[in-house]
Each structure stands twice: as structure tokens, then as C-alpha cells.
Amino acid sequence: MLAERRHQLILRALRSGGPAAVTDLSEQLGVSPATIRRDLVRLEEEGLLTRVHGGAVVEEGDQPFAEVAEVRVAEKDAIAAKAASLVEDGQSVLLDIGTTAYRLARQLHGRRLTVITSNLVVFEELVDDEGIDLVLLGGMVRREYRSLVGFLTEDNLRQLHADWLFLGTSGIRPGGQVMDTTVVEVPVKRAMIKAADRVVLLADRAKFPGTGMAKVCGPEDLDMVVTNAPVEAVTRASLEEARVEVVEAGKVQA
């Protein structure tokens with residue numbers, strides 16, 4: 001693999017999943033840890049990341065939807081399949097922004113549902129499915145991340161109700177707090193939580209702890225977390241104390 005392509009993939013991994021260890025990047029890209037270390041030195045010299053002990057981080061901020069959509073697709077699909085199995089025909093579903101919500105939308109084809117979303121990619125995925133009543137929230141368009149935000153979006157949500165909300169996140173703190181990297185998305189997420197009977201957080205392994213400076217909600221606002229990996233003990237204890245069910249995608253529940 002050419003160094004330039006390797007650098008692109010390293011930056012994508014860091015932007016979508018937060019801090020990453022040299023060993024993880026080495027396994028993902030199929031090269032030696034020494035090669036990854038040289039790559040990180042070069043990328044730091046170019047001002048594209050910051051090296052930390054054992055790995056590297058990039059500055060938080062918006063990442064283009066197309067970039068994030070290419071990362072950990074199989075893991076997101078496992079989470080999406082489990083989430084889709086929770087929903088019964090005839091119910092209403094709120095889908096948050098983000099790539100895991102998009103993977104969930106792909107699992108809903110052929111169902112008799114109402115889907116409400118501020119996610120333009122979800123809208124595009126479901127717009128031709130005549131069995132689904134599709135509600136697109138109004139608002140200002142964030143072109144790079146394909147979402148709608150602002151007071152119009154929040155006002156729309158105050159007039160709606162959903163049986164389920166499937167919520168995305170950029171990170172979950174050990175205390176169970178749900179975080180986001182983009183302040184402008186937070187009021188919309190909070191309005192979604194208020195509009196739904198049941199709130200399900202979709203979080204792949206990279207979201208523990210992930211990234212994010214803005215708090216969306218605490219664990220008390222969640223009903224369930226669907227993930228694809230074991231949740232570390234402190235975070236699991238915080239979630240269980242708040243009576244949040246933790247479901248590992250692909251595992252049979254007792």
C-alpha cells in the first residue's frame with residue numbers, strides 16, 4: 001500500500017473513532033507497528049494529527065459523511081440489525097444523524113413503519129419505499145454531514161411523537177454521559193429524546209470512550225445501548241445503575 005493511501009486511512013480511522021493505538025492501526029492496515037510510527041511522525045510534521053503515548057489523535061470537528069460511512073461497516077451493520085429487530089410493524093421510529101442510523105435505515109425496507117429523521121441520507125435511502133411513511137424534519141442543512149439542524153428542526157420535534165429513538169454518539173464517558181463533537185447537533189438530539197418513548201443508543205466499540213466536548217444527555221435518559229463489543233466495567237456499572245439495558249449485537253439475550 002502506498003504511503004499516501006495509508007495516511008488517508010489513518011486519518012479516517014482517527015477522525016471517526018477518536019484516539020487510536022499504534023497496534024490497532026497496524027492490524028487494520030496490515031503493516032508493521034514501525035511503519036505506523038513513521039507515518040504518525042510524518043502526519044504530525046504536516047500538522048494533521050498529534051501523537052500521544054502509544055498512538056495518535058486528531059482535532060475534533062466535522063468529518064464528511066462519506067468518509068465516516070466507510071469505517072467499520074460490518075460492525076455498524078450488526079448493530080443496525082439488532083436495533084431493527086426491536087421495532088414492530090406499525091410503530092414510529094426517530095432516526096438520528098450519523099452513519100449507523102443510515103445502516104439501520106437500510107434494514108427497514110419492506111416494513112410498515114413511520115420513520116422521522118433529520119438525516120438526509122436516511123431520507124434518500126427510504127424515500128422510494130412506499131410501505132414507510134417518511135417524515136423529513138425541517139431546518140438548516142449541514143452539507144458535509146448530510147443533516148438538518150436549528151430551531152426549525154427542534155420546533156418540528158416538539159410537535160411529534162415516536163415509539164423509538166435510535167440515537168448516535170461520538171463518545172460515551174465512563175459515567176455513562178453521551179457526548180457529541182458538534183455543539184449545533186446537541187439541541188436536536190435532546191429534542192429527539194423528549195419526543196420518544198424509548199431511547200436506544202447505537203454505539204460501536206470506538207465510542208467507548210470516543211470523543212466529544214458537548215454533553216447530549218446522561219444515562220438516565222437512555223433505555224438501551226446496542227453495541228458490538230463488551231462495555232468496560234466502569235461504564236457498564238454506570239449504565240446498569242441507571243437501569244439501562246446493554247445489548248451486544250449478535251449475542252443471544254437470556
# chains A, B, ... in the order shown; residues from 1 in each chain; ligands from 1
call {"tool": "select_by_dssp", "arguments": {"residues": "segment 5-246 of chain A", "states": "alpha helix (DSSP H)", "output": "PyMOL selection string"}}
result
chain A and resi 5-17+22-29+33-45+65-69+73-86+99-106+120-126+151-158+186-195+233-241
call {"tool": "residues_around", "arguments": {"residues": "Leu25 of chain A", "least_positions_apart": "2", "cutoff": "10 Å", "atoms": "only C-alpha atoms", "output": "PyMOL selection string"}}
result
chain A and resi 6+9-10+13-14+20-23+27-33+36-37+55-56
call {"tool": "select_by_dssp", "arguments": {"residues": "segment 23-250 of chain A", "states": "strand (DSSP E or B)", "output": "short mmCIF file (atom, residue, chain, number, x, y, z; two decimals) with N, CA, C and O atoms, in the first residue's frame"}}
result
data_model
loop_
_atom_site.label_atom_id
_atom_site.label_comp_id
_atom_site.auth_asym_id
_atom_site.auth_seq_id
_atom_site.Cartn_x
_atom_site.Cartn_y
_atom_site.Cartn_z
N THR A 50 -1.87 14.72 16.27
CA THR A 50 -0.98 14.87 17.42
C THR A 50 -0.66 13.49 17.97
O THR A 50 -1.58 12.71 18.25
N ARG A 51 0.61 13.19 18.09
CA ARG A 51 0.97 11.90 18.67
C ARG A 51 0.80 11.93 20.18
O ARG A 51 1.13 12.93 20.83
N VAL A 52 0.28 10.84 20.74
CA VAL A 52 0.16 10.66 22.18
C VAL A 52 0.81 9.33 22.52
O VAL A 52 1.22 8.58 21.64
N GLY A 55 -0.02 6.08 20.49
CA GLY A 55 -0.89 6.26 19.33
C GLY A 55 -0.96 7.70 18.89
O GLY A 55 0.04 8.42 18.93
N ALA A 56 -2.16 8.15 18.46
CA ALA A 56 -2.33 9.50 17.96
C ALA A 56 -3.78 9.92 18.05
O ALA A 56 -4.68 9.09 18.19
N VAL A 57 -4.00 11.24 17.97
CA VAL A 57 -5.36 11.80 17.93
C VAL A 57 -5.38 12.90 16.87
O VAL A 57 -4.34 13.43 16.49
N SER A 92 -43.62 3.93 15.17
CA SER A 92 -42.93 5.12 14.66
C SER A 92 -41.50 5.15 15.20
O SER A 92 -41.25 4.83 16.36
N VAL A 93 -40.58 5.55 14.33
CA VAL A 93 -39.16 5.47 14.62
C VAL A 93 -38.50 6.80 14.29
O VAL A 93 -38.67 7.33 13.19
N LEU A 94 -37.76 7.34 15.25
CA LEU A 94 -36.93 8.52 15.02
C LEU A 94 -35.50 8.06 14.76
O LEU A 94 -34.93 7.31 15.56
N LEU A 95 -34.91 8.49 13.65
CA LEU A 95 -33.54 8.14 13.34
C LEU A 95 -32.67 9.39 13.37
O LEU A 95 -32.94 10.37 12.67
N LEU A 113 -43.93 1.10 8.62
CA LEU A 113 -43.45 1.94 9.71
C LEU A 113 -43.62 3.41 9.37
O LEU A 113 -43.78 3.78 8.20
N THR A 114 -43.53 4.26 10.39
CA THR A 114 -43.33 5.69 10.19
C THR A 114 -41.92 6.01 10.64
O THR A 114 -41.52 5.69 11.76
N VAL A 115 -41.15 6.62 9.77
CA VAL A 115 -39.77 6.99 10.08
C VAL A 115 -39.65 8.51 10.02
O VAL A 115 -40.02 9.14 9.03
N ILE A 116 -39.14 9.09 11.12
CA ILE A 116 -38.93 10.52 11.25
C ILE A 116 -37.43 10.76 11.35
O ILE A 116 -36.75 10.08 12.13
N THR A 117 -36.90 11.70 10.58
CA THR A 117 -35.45 11.87 10.61
C THR A 117 -35.02 13.27 10.20
O THR A 117 -35.72 13.97 9.47
N ASN A 119 -31.83 13.20 9.06
CA ASN A 119 -30.69 12.62 8.37
C ASN A 119 -31.03 12.53 6.88
O ASN A 119 -31.87 11.73 6.48
N ILE A 132 -43.29 2.73 3.89
CA ILE A 132 -42.83 3.56 5.01
C ILE A 132 -43.36 4.98 4.86
O ILE A 132 -43.18 5.62 3.82
N ASP A 133 -44.07 5.45 5.90
CA ASP A 133 -44.45 6.86 5.96
C ASP A 133 -43.23 7.64 6.44
O ASP A 133 -42.74 7.42 7.56
N LEU A 134 -42.73 8.51 5.60
CA LEU A 134 -41.45 9.16 5.86
C LEU A 134 -41.65 10.64 6.17
O LEU A 134 -42.26 11.37 5.40
N VAL A 135 -41.14 11.06 7.33
CA VAL A 135 -41.23 12.45 7.77
C VAL A 135 -39.83 13.04 7.82
O VAL A 135 -38.98 12.59 8.60
N LEU A 136 -39.57 14.04 6.98
CA LEU A 136 -38.28 14.73 6.99
C LEU A 136 -38.43 16.03 7.76
O LEU A 136 -39.24 16.89 7.41
N MET A 140 -31.86 23.96 8.88
CA MET A 140 -30.70 24.35 8.09
C MET A 140 -29.90 23.11 7.72
O MET A 140 -29.69 22.22 8.55
N VAL A 141 -29.40 23.07 6.50
CA VAL A 141 -28.68 21.90 6.00
C VAL A 141 -27.19 22.01 6.35
O VAL A 141 -26.54 23.02 6.04
N ARG A 142 -26.67 20.97 7.00
CA ARG A 142 -25.22 20.80 7.15
C ARG A 142 -24.78 19.89 6.00
O ARG A 142 -24.93 18.67 6.06
N SER A 147 -27.12 16.55 7.31
CA SER A 147 -28.12 16.60 8.37
C SER A 147 -28.82 17.96 8.38
O SER A 147 -28.38 18.91 7.73
N LEU A 148 -29.92 18.03 9.12
CA LEU A 148 -30.69 19.25 9.29
C LEU A 148 -30.65 19.65 10.76
O LEU A 148 -30.84 18.81 11.64
N VAL A 149 -30.41 20.94 11.02
CA VAL A 149 -30.27 21.41 12.40
C VAL A 149 -30.95 22.77 12.55
O VAL A 149 -31.37 23.39 11.57
N ALA A 162 -42.66 9.65 18.86
CA ALA A 162 -42.17 8.41 18.27
C ALA A 162 -42.10 7.32 19.33
O ALA A 162 -41.86 7.59 20.51
N ASP A 163 -42.34 6.09 18.90
CA ASP A 163 -42.19 4.95 19.81
C ASP A 163 -40.73 4.70 20.15
O ASP A 163 -40.40 4.32 21.28
N TRP A 164 -39.85 4.90 19.16
CA TRP A 164 -38.43 4.61 19.33
C TRP A 164 -37.59 5.78 18.83
O TRP A 164 -37.91 6.40 17.81
N LEU A 165 -36.51 6.05 19.53
CA LEU A 165 -35.43 6.89 19.00
C LEU A 165 -34.16 6.06 18.97
O LEU A 165 -33.78 5.45 19.99
N PHE A 166 -33.53 6.04 17.82
CA PHE A 166 -32.21 5.42 17.70
C PHE A 166 -31.20 6.54 17.56
O PHE A 166 -31.14 7.24 16.54
N LEU A 167 -30.42 6.71 18.62
CA LEU A 167 -29.56 7.87 18.81
C LEU A 167 -28.11 7.51 18.52
O LEU A 167 -27.63 6.45 18.93
N GLY A 171 -19.16 9.64 21.47
CA GLY A 171 -18.44 9.06 22.59
C GLY A 171 -19.32 8.90 23.82
O GLY A 171 -20.30 9.62 24.00
N ILE A 172 -18.97 7.92 24.65
CA ILE A 172 -19.67 7.67 25.91
C ILE A 172 -18.64 7.69 27.03
O ILE A 172 -17.70 6.88 27.04
N VAL A 178 -23.53 10.75 27.38
CA VAL A 178 -23.48 10.65 25.92
C VAL A 178 -22.96 11.98 25.38
O VAL A 178 -23.50 13.04 25.70
N MET A 179 -21.92 11.94 24.56
CA MET A 179 -21.24 13.14 24.10
C MET A 179 -21.37 13.32 22.59
O MET A 179 -21.70 12.38 21.86
N ASP A 180 -21.09 14.54 22.13
CA ASP A 180 -21.06 14.82 20.70
C ASP A 180 -19.95 15.81 20.42
O ASP A 180 -19.62 16.65 21.26
N ALA A 196 -39.50 10.90 22.18
CA ALA A 196 -39.58 9.44 22.04
C ALA A 196 -39.93 8.74 23.34
O ALA A 196 -39.53 9.18 24.43
N ASP A 197 -40.65 7.63 23.23
CA ASP A 197 -40.97 6.80 24.39
C ASP A 197 -39.75 6.02 24.86
O ASP A 197 -39.50 5.89 26.06
N ARG A 198 -39.00 5.45 23.90
CA ARG A 198 -37.85 4.63 24.23
C ARG A 198 -36.64 5.11 23.45
O ARG A 198 -36.72 5.33 22.24
N VAL A 199 -35.52 5.26 24.16
CA VAL A 199 -34.30 5.80 23.57
C VAL A 199 -33.23 4.71 23.55
O VAL A 199 -32.85 4.18 24.60
N VAL A 200 -32.76 4.40 22.36
CA VAL A 200 -31.74 3.36 22.16
C VAL A 200 -30.50 4.02 21.58
O VAL A 200 -30.56 4.63 20.51
N LEU A 201 -29.39 3.90 22.29
CA LEU A 201 -28.13 4.46 21.82
C LEU A 201 -27.39 3.40 21.00
O LEU A 201 -27.20 2.27 21.44
N LEU A 202 -26.98 3.77 19.79
CA LEU A 202 -26.22 2.90 18.91
C LEU A 202 -24.76 3.28 19.01
O LEU A 202 -24.38 4.41 18.69
N ALA A 203 -23.92 2.35 19.47
CA ALA A 203 -22.52 2.71 19.76
C ALA A 203 -21.59 1.55 19.45
O ALA A 203 -21.64 0.52 20.12
N ALA A 214 -19.30 18.15 23.97
CA ALA A 214 -20.65 18.60 24.33
C ALA A 214 -21.49 17.44 24.84
O ALA A 214 -21.61 16.41 24.18
N LYS A 215 -22.07 17.61 26.02
CA LYS A 215 -22.90 16.56 26.60
C LYS A 215 -24.30 16.61 26.01
O LYS A 215 -24.96 17.64 26.02
N VAL A 216 -24.75 15.46 25.50
CA VAL A 216 -26.11 15.35 24.97
C VAL A 216 -27.09 14.99 26.08
O VAL A 216 -28.12 15.62 26.26
N CYS A 217 -26.76 13.97 26.86
CA CYS A 217 -27.64 13.51 27.94
C CYS A 217 -26.85 12.62 28.88
O CYS A 217 -25.71 12.24 28.60
N MET A 224 -31.68 1.78 26.44
CA MET A 224 -30.87 0.67 25.98
C MET A 224 -29.66 1.20 25.23
O MET A 224 -29.72 2.26 24.61
N VAL A 225 -28.57 0.45 25.32
CA VAL A 225 -27.39 0.68 24.47
C VAL A 225 -27.17 -0.58 23.65
O VAL A 225 -27.07 -1.68 24.21
N VAL A 226 -27.11 -0.43 22.34
CA VAL A 226 -26.78 -1.56 21.47
C VAL A 226 -25.37 -1.33 20.95
O VAL A 226 -25.08 -0.30 20.34
N THR A 227 -24.50 -2.29 21.21
CA THR A 227 -23.10 -2.16 20.84
C THR A 227 -22.61 -3.48 20.26
O THR A 227 -23.33 -4.48 20.25
N GLU A 245 -30.39 -1.03 29.73
CA GLU A 245 -30.06 -2.38 29.25
C GLU A 245 -28.94 -2.28 28.23
O GLU A 245 -29.01 -1.48 27.29
N VAL A 246 -27.89 -3.08 28.38
CA VAL A 246 -26.79 -3.12 27.44
C VAL A 246 -26.89 -4.41 26.62
O VAL A 246 -26.85 -5.51 27.17
N VAL A 247 -27.03 -4.24 25.31
CA VAL A 247 -27.22 -5.38 24.42
C VAL A 247 -26.05 -5.45 23.46
O VAL A 247 -25.75 -4.46 22.76
N GLU A 248 -25.38 -6.59 23.44
CA GLU A 248 -24.28 -6.77 22.49
C GLU A 248 -24.83 -7.40 21.22
O GLU A 248 -25.40 -8.48 21.24
#
call {"tool": "closest_residue", "arguments": {"among": "A:Arg5, A:Arg173, A:Arg190, A:Arg158", "to": "Leu239 of chain A", "atoms": "only C-alpha atoms"}}
result
A:Arg173
call {"tool": "residues_around", "arguments": {"residues": "Glu88 of chain A", "least_positions_apart": "3", "cutoff": "9 Å", "atoms": "only C-alpha atoms", "output": "VMD selection string"}}
result
chain A and resid 84 to 85 91 to 92 111 to 113
call {"tool": "residues_around", "arguments": {"residues": "His109 of chain A", "least_positions_apart": "4", "cutoff": "8 Å", "atoms": "only C-alpha atoms", "output": "ChimeraX atom specification"}}
result
/A:105,126,129,132
call {"tool": "write_last_selection", "arguments": {"atoms": "N, CA, C and O atoms", "output": "tab-separated table (two decimals), in the first residue's frame"}}
result
chain	number	residue	atom	x	y	z
A	105	ALA	N	-31.43	2.32	8.69
A	105	ALA	CA	-32.47	2.60	7.69
A	105	ALA	C	-32.48	1.54	6.60
A	105	ALA	O	-33.56	1.13	6.12
A	126	LEU	N	-34.82	5.81	2.05
A	126	LEU	CA	-36.17	5.31	2.26
A	126	LEU	C	-37.25	6.00	1.41
A	126	LEU	O	-38.40	5.58	1.43
A	129	ASP	N	-39.52	3.83	-0.71
A	129	ASP	CA	-40.17	2.68	-0.08
A	129	ASP	C	-41.59	3.09	0.32
A	129	ASP	O	-41.80	3.79	1.29
A	132	ILE	N	-43.29	2.73	3.89
A	132	ILE	CA	-42.83	3.56	5.01
A	132	ILE	C	-43.36	4.98	4.86
A	132	ILE	O	-43.18	5.62	3.82
call {"tool": "residues_around", "arguments": {"residues": "Asn228 of chain A", "least_positions_apart": "5", "cutoff": "7 Å", "atoms": "only C-alpha atoms", "output": "PDB file with all heavy atoms, in the first residue's frame"}}
result
ATOM      1  N   GLU A  75     -19.397  -3.806  11.514  1.00  0.00           N
ATOM      2  CA  GLU A  75     -19.784  -3.619  12.911  1.00  0.00           C
ATOM      3  C   GLU A  75     -21.077  -2.814  13.009  1.00  0.00           C
ATOM      4  O   GLU A  75     -21.977  -3.144  13.792  1.00  0.00           O
ATOM      5  CB  GLU A  75     -18.663  -2.905  13.668  1.00  0.00           C
ATOM      6  CG  GLU A  75     -17.367  -3.711  13.717  1.00  0.00           C
ATOM      7  CD  GLU A  75     -16.270  -2.979  14.472  1.00  0.00           C
ATOM      8  OE1 GLU A  75     -16.597  -2.088  15.265  1.00  0.00           O
ATOM      9  OE2 GLU A  75     -15.095  -3.312  14.260  1.00  0.00           O
ATOM     10  N   ILE A  79     -24.923  -3.915  14.551  1.00  0.00           N
ATOM     11  CA  ILE A  79     -25.684  -3.093  15.494  1.00  0.00           C
ATOM     12  C   ILE A  79     -27.039  -2.730  14.895  1.00  0.00           C
ATOM     13  O   ILE A  79     -28.081  -2.799  15.552  1.00  0.00           O
ATOM     14  CB  ILE A  79     -24.880  -1.834  15.856  1.00  0.00           C
ATOM     15  CG1 ILE A  79     -23.646  -2.214  16.676  1.00  0.00           C
ATOM     16  CG2 ILE A  79     -25.741  -0.824  16.618  1.00  0.00           C
ATOM     17  CD1 ILE A  79     -22.644  -1.093  16.847  1.00  0.00           C
ATOM     18  N   ASP A 204     -20.740   1.715  18.438  1.00  0.00           N
ATOM     19  CA  ASP A 204     -19.758   0.668  18.166  1.00  0.00           C
ATOM     20  C   ASP A 204     -18.588   0.798  19.126  1.00  0.00           C
ATOM     21  O   ASP A 204     -18.532   1.710  19.950  1.00  0.00           O
ATOM     22  CB  ASP A 204     -19.319   0.688  16.684  1.00  0.00           C
ATOM     23  CG  ASP A 204     -18.593   1.968  16.296  1.00  0.00           C
ATOM     24  OD1 ASP A 204     -17.677   2.381  17.037  1.00  0.00           O
ATOM     25  OD2 ASP A 204     -18.927   2.548  15.247  1.00  0.00           O
ATOM     26  N   ARG A 205     -17.658  -0.117  19.033  1.00  0.00           N
ATOM     27  CA  ARG A 205     -16.567  -0.224  20.019  1.00  0.00           C
ATOM     28  C   ARG A 205     -15.743   1.054  20.129  1.00  0.00           C
ATOM     29  O   ARG A 205     -15.187   1.366  21.184  1.00  0.00           O
ATOM     30  CB  ARG A 205     -15.656  -1.398  19.653  1.00  0.00           C
ATOM     31  CG  ARG A 205     -15.015  -1.258  18.284  1.00  0.00           C
ATOM     32  CD  ARG A 205     -14.135  -2.453  17.929  1.00  0.00           C
ATOM     33  NE  ARG A 205     -13.721  -2.418  16.537  1.00  0.00           N
ATOM     34  CZ  ARG A 205     -12.683  -1.724  16.092  1.00  0.00           C
ATOM     35  NH1 ARG A 205     -11.966  -1.004  16.938  1.00  0.00           N
ATOM     36  NH2 ARG A 205     -12.372  -1.720  14.811  1.00  0.00           N
ATOM     37  N   GLU A 248     -25.381  -6.587  23.438  1.00  0.00           N
ATOM     38  CA  GLU A 248     -24.276  -6.774  22.492  1.00  0.00           C
ATOM     39  C   GLU A 248     -24.831  -7.401  21.222  1.00  0.00           C
ATOM     40  O   GLU A 248     -25.403  -8.477  21.237  1.00  0.00           O
ATOM     41  CB  GLU A 248     -23.191  -7.641  23.110  1.00  0.00           C
ATOM     42  CG  GLU A 248     -22.450  -6.942  24.246  1.00  0.00           C
ATOM     43  CD  GLU A 248     -21.321  -7.774  24.819  1.00  0.00           C
ATOM     44  OE1 GLU A 248     -20.724  -8.559  24.043  1.00  0.00           O
ATOM     45  OE2 GLU A 248     -21.057  -7.661  26.016  1.00  0.00           O
ATOM     46  N   ALA A 249     -24.680  -6.708  20.119  1.00  0.00           N
ATOM     47  CA  ALA A 249     -25.195  -7.165  18.835  1.00  0.00           C
ATOM     48  C   ALA A 249     -24.596  -8.518  18.471  1.00  0.00           C
ATOM     49  O   ALA A 249     -23.395  -8.730  18.602  1.00  0.00           O
ATOM     50  CB  ALA A 249     -24.884  -6.141  17.747  1.00  0.00           C
TER      51      ALA A 249
END
call {"tool": "atom_distance", "arguments": {"atom1": "atom CA of Ala242 of chain A", "atom2": "atom CA of Glu220 of chain A"}}
result
5.3 Å
call {"tool": "residues_around", "arguments": {"residues": "Arg103 of chain A", "least_positions_apart": "2", "cutoff": "8 Å", "atoms": "only C-alpha atoms", "output": "MDAnalysis selection string"}}
result
chainID A and resid 76:77 80 99:101 105:107
call {"tool": "atom_distance", "arguments": {"atom1": "atom CA of Glu144 of chain A", "atom2": "atom CA of Ile97 of chain A"}}
result
12.0 Å
call {"tool": "atom_distance", "arguments": {"atom1": "atom CA of Ser118 of chain A", "atom2": "atom CA of Thr169 of chain A"}}
result
14.8 Å
call {"tool": "residues_around", "arguments": {"residues": "Gly175 of chain A", "least_positions_apart": "2", "cutoff": "9 Å", "atoms": "only C-alpha atoms", "output": "ChimeraX atom specification"}}
result
/A:172-173,177,218-219,234-239
call {"tool": "closest_residue", "arguments": {"among": "A:Lys207, A:Asp155, A:Ala34, A:Met213", "to": "Pro230 of chain A", "atoms": "only C-alpha atoms"}}
result
A:Lys207
call {"tool": "closest_residue", "arguments": {"among": "A:Leu11, A:Phe151, A:Gly98, A:Leu108", "to": "Lys82 of chain A", "atoms": "only C-alpha atoms"}}
result
A:Leu108
